[in-house]
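Trainee: Handing you a structure now.
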Amino acid sequence: MEDTPILNRQRRLRDALGSADLDALVLNPGPTLTYLTGMHFHLMERPIVGIFPAEGPAALILPELETPKTEGAPFELLPFPYGEDPSRWGETFRRAAQSLALDGKRLGVESVRLRYLELTYLQEAAPHARFISAPEVIASLRMVKDAAEILAMRKAVAIAQDALRATLPLIRLGMSEKELASELVLQLLRHGSEPQLPFFPIVAGGPNSANPHAVPTERPIRAGELLLIDWGATVEGCYSDLTRTFALGELSDPELGRVAEVVAQANAAGRAAARPGLPAGEVDAAARRVIAEAGYGQYFTHRTGHGLGRDGHEPPYIYAENTRPLAPGMTFTVEPGIYLPGRGGVRIEDDMLVTVNGAESLSDLPRELGIGDWVNG
């Protein structure tokens, strides 16, 4: 069988399972299952489980209605389909467990995704198996992106930036945060994003921008305030994740302008620090130092960034205590922020790629606060 990215990923998985003393990896539908198979499934009331042994072919327990997706699979696959009668589903799990000799084995799981539904069926089918959280096995596969993933992420960043550029002239005072977020979603789709966005855009005006994970509301966009927009696009299952903050005319709270300058400097420091071999925590330290020295350390309430790829948040996480060394092909965000409760907040977020000699920002939208003279009254 011709070597392909999927086969290469499965080969590396088998090596990782051997190193971790695991007999197989068990997966629910999600980015890792798609990464290893090229197939897309979604979580629903019918269980779906991918099983990847350290030796032998992969197996897939799935509803009969999903079996067409397995036709022409570019790797050896044992399908175990079941019908619509839930009372018979356990038989299919037992048949799969027996075929793969899972009972008594050490089975790695993606603990943030494996549901109680599938876990129960597996435990009943292989009562003596041990289920072991295997985040490092999965991270070892997915943290370093291959050429196709990097290209997809570049496209996702370009789409996100183009969509925001198309959205900004449509902003008018008095429109709600929800209206603006919906318009941005439309522009993301028009500019080429896949429908499954990384997340619904965060659009937060005025004091709402002081909430790092704000949800768009009916609050109207007003002059003299900050407007924070956090958004992303999807290409071939790979994400972008960006944030920019704008001033809607002259700010009524001048200190927020100073805050924006400090955050821009912290963002630049974090981007400049990144390079191969550097502990991830040092990127956080570089950005955090700028904010602390400016006197706003207590208002920077989250890590500097997170890994990015097929999940919106994945390793490597950019927090102070993380000693994991960065390596070429890793992708992550740099997104320092300062949030003054009840007044406003600024965050500037870029998507980074670690290169052989340093790091590259995949995003290049202006990072200065700017004055939104394009806002229509």
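Ordering of the structure tokens sets the chain letters (A, B, ...); residue numbers start at 1 within each chain; ligands are numbered from 1 in the order shown.
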Using only C-alpha atoms, tabulate the residues of stretch 232-343 of chain A lying at most 7 Å from any atom of stretch 148-165 of chain A, each with its closest atom pair and that distance in Å to one decimal, by chain and increasing residue number, as a Markdown table.
Mentor:
```
| residue | atom | partner | partner_atom | distance |
| --- | --- | --- | --- | --- |
| A:Gly232 | CA | A:Ala160 | CA | 5.5 |
| A:Ala233 | CA | A:Ala156 | CA | 5.1 |
| A:Thr234 | CA | A:Ala156 | CA | 5.4 |
| A:Val235 | CA | A:Ala156 | CA | 5.4 |
| A:Glu236 | CA | A:Ala152 | CA | 6.2 |
| A:Cys238 | CA | A:Met153 | CA | 5.7 |
| A:Tyr239 | CA | A:Met153 | CA | 6.0 |
| A:Ser240 | CA | A:Val157 | CA | 5.2 |
```
Trainee: Please identify which residues in stretch 200-240 of chain A DSSP calls helix (DSSP H, G or I) from the backbone, and express them as a list in words.
Mentor: Gly206, Pro207, Asn208, Ser209 and Ala210 of chain A
Trainee: Export, as a PDB file, in the first residue's frame, the selected residues with N, CA and C atoms.
Mentor:
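Result file is result_3.pdb:
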```pdb
ATOM      1  N   GLY A 206     -17.213  47.732  25.103  1.00  0.00           N
ATOM      2  CA  GLY A 206     -17.245  48.409  26.390  1.00  0.00           C
ATOM      3  C   GLY A 206     -16.809  47.513  27.531  1.00  0.00           C
ATOM      4  N   PRO A 207     -17.522  47.553  28.655  1.00  0.00           N
ATOM      5  CA  PRO A 207     -17.121  46.742  29.811  1.00  0.00           C
ATOM      6  C   PRO A 207     -17.147  45.244  29.543  1.00  0.00           C
ATOM      7  N   ASN A 208     -17.922  44.810  28.563  1.00  0.00           N
ATOM      8  CA  ASN A 208     -17.952  43.373  28.236  1.00  0.00           C
ATOM      9  C   ASN A 208     -16.596  42.875  27.742  1.00  0.00           C
ATOM     10  N   SER A 209     -15.779  43.789  27.197  1.00  0.00           N
ATOM     11  CA  SER A 209     -14.468  43.380  26.691  1.00  0.00           C
ATOM     12  C   SER A 209     -13.504  43.016  27.819  1.00  0.00           C
ATOM     13  N   ALA A 210     -13.881  43.307  29.063  1.00  0.00           N
ATOM     14  CA  ALA A 210     -13.061  42.929  30.208  1.00  0.00           C
ATOM     15  C   ALA A 210     -13.266  41.473  30.601  1.00  0.00           C
TER      16      ALA A 210
END
```
Trainee: Each residue of stretch 127-199 of chain A with at least one atom at most 8 Å from stretch 327-349 of chain A should appear once, together with its nearest atom pair and the corresponding distance in Å (one decimal); atoms considered: only C-alpha atoms; ordering: chain, then increasing residue number; output as JSON lines.
Mentor:
```
{"residue": "A:Met143", "atom": "CA", "partner": "A:Met330", "partner_atom": "CA", "distance": 5.6}
{"residue": "A:Val144", "atom": "CA", "partner": "A:Gly329", "partner_atom": "CA", "distance": 4.6}
{"residue": "A:Lys145", "atom": "CA", "partner": "A:Gly329", "partner_atom": "CA", "distance": 5.1}
{"residue": "A:Asp146", "atom": "CA", "partner": "A:Gly329", "partner_atom": "CA", "distance": 7.1}
{"residue": "A:Ile150", "atom": "CA", "partner": "A:Gly329", "partner_atom": "CA", "distance": 7.8}
```
Trainee: Name all residues at most 10 Å from stretch 116-119 of chain A (count only C-alpha atoms; drop same-chain ones fewer than 4 positions away) and give them as a PyMOL selection string.
Mentor: chain A and resi 26-28+45-49+93+109+123-125+131
Trainee: Leaving out stretch 270-275 of chain A and any residue of its chain fewer than 6 positions from it, which residues lie within 7 Å of it when counting only C-alpha atoms, given as a VMD selection string?
Mentor: chain A and resid 283 to 284 286 to 287 326 334 354 357 to 359
Trainee: Restricting the output to N, CA and C atoms, write the selected residues as a JSON list (two decimals), in the first residue's frame.
Mentor:
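Output below, filename again.json:
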```
[["chain", "number", "residue", "atom", "x", "y", "z"],
["A", 283, "VAL", "N", 7.90, 31.80, 26.65],
["A", 283, "VAL", "CA", 7.09, 32.70, 25.83],
["A", 283, "VAL", "C", 6.11, 33.44, 26.72],
["A", 284, "ASP", "N", 5.50, 32.71, 27.64],
["A", 284, "ASP", "CA", 4.59, 33.34, 28.61],
["A", 284, "ASP", "C", 5.34, 34.38, 29.43],
["A", 286, "ALA", "N", 8.01, 36.11, 28.71],
["A", 286, "ALA", "CA", 8.38, 37.29, 27.93],
["A", 286, "ALA", "C", 7.21, 38.26, 27.81],
["A", 287, "ALA", "N", 6.01, 37.73, 27.51],
["A", 287, "ALA", "CA", 4.84, 38.59, 27.38],
["A", 287, "ALA", "C", 4.40, 39.12, 28.74],
["A", 326, "LEU", "N", 9.82, 23.97, 22.75],
["A", 326, "LEU", "CA", 9.20, 24.18, 21.45],
["A", 326, "LEU", "C", 10.03, 23.48, 20.38],
["A", 334, "VAL", "N", -0.19, 33.45, 20.59],
["A", 334, "VAL", "CA", 0.34, 34.41, 21.56],
["A", 334, "VAL", "C", -0.74, 35.46, 21.73],
["A", 354, "VAL", "N", 6.46, 27.53, 14.82],
["A", 354, "VAL", "CA", 7.88, 27.39, 15.15],
["A", 354, "VAL", "C", 8.61, 26.88, 13.91],
["A", 357, "ASN", "N", 14.69, 28.00, 12.57],
["A", 357, "ASN", "CA", 15.56, 29.04, 13.13],
["A", 357, "ASN", "C", 14.88, 29.98, 14.11],
["A", 358, "GLY", "N", 13.57, 29.91, 14.24],
["A", 358, "GLY", "CA", 12.87, 30.85, 15.12],
["A", 358, "GLY", "C", 11.39, 30.56, 15.13],
["A", 359, "ALA", "N", 10.61, 31.56, 14.83],
["A", 359, "ALA", "CA", 9.16, 31.40, 14.76],
["A", 359, "ALA", "C", 8.59, 32.44, 13.83]]
```
Trainee: List as a ChimeraX atom specification the protein and nucleic acid residues near A:Asp21, meaning an atom at most 12 Å away when only C-alpha atoms are counted, but skip any in the same chain fewer than 6 places from it.
Mentor: /A:14-15,53-54,105-108,130,132,134,137
Trainee: Quick check, in Å to one decimal: how far apart do atom CA of A:Leu197 and atom CA of A:Gln265 lie?
Mentor: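 Taking atom CA of A:Leu197 and atom CA of A:Gln265, their separation equals 29.2 Å.
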Trainee: What does the structure give for the distance between atom CA of A:Pro31 and atom CA of A:Ser140, in Å to one decimal?
Mentor: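 Computing the Euclidean distance for atom CA of A:Pro31 and atom CA of A:Ser140 yields 14.4 Å.
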Trainee: Which residue, A:Leu242, A:Leu13, A:Ala59, A:Ala73, has the smallest gap to A:Leu100 when you use only C-alpha atoms?
Mentor: A:Ala59
Trainee: How many Å lie between atom CA of A:Thr4 and atom CA of A:Glu66, rounded to one decimal?
Mentor: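 These two atoms are separated by 23.3 Å.
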Trainee: Do a neighbour search on A:Gly370 at 12 Å with only C-alpha atoms, toss out local chain neighbours closer than 2 positions, and write the hits as a ChimeraX atom specification.
Mentor: /A:226-227,244-251,257,260-261,264,365-368,372-375
Trainee: Could you name the residues that touch A:Phe75 at 10 Å or less, counting only C-alpha atoms, but leaving out those on the same chain fewer than 5 positions away, as an mmCIF file with C-alpha atoms, in the first residue's frame?
Mentor:
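So out.cif came out as:
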```
data_model
loop_
_atom_site.group_PDB
_atom_site.id
_atom_site.type_symbol
_atom_site.label_atom_id
_atom_site.label_comp_id
_atom_site.auth_asym_id
_atom_site.auth_seq_id
_atom_site.Cartn_x
_atom_site.Cartn_y
_atom_site.Cartn_z
ATOM 1 C CA MET A 1 0.000 0.000 0.000
ATOM 2 C CA GLU A 2 1.372 3.412 -1.015
ATOM 3 C CA ASP A 3 2.687 5.524 1.853
ATOM 4 C CA THR A 4 0.307 8.373 2.725
ATOM 5 C CA ILE A 6 -2.650 8.683 7.168
ATOM 6 C CA LEU A 7 -0.421 5.606 7.060
ATOM 7 C CA GLN A 10 -0.772 5.381 12.145
ATOM 8 C CA LEU A 36 -5.728 9.007 12.022
ATOM 9 C CA THR A 37 -8.367 7.958 9.470
ATOM 10 C CA PRO A 57 -5.268 -3.454 11.677
ATOM 11 C CA ALA A 58 -7.415 -0.676 13.084
ATOM 12 C CA THR A 70 -15.266 3.432 5.359
#
```
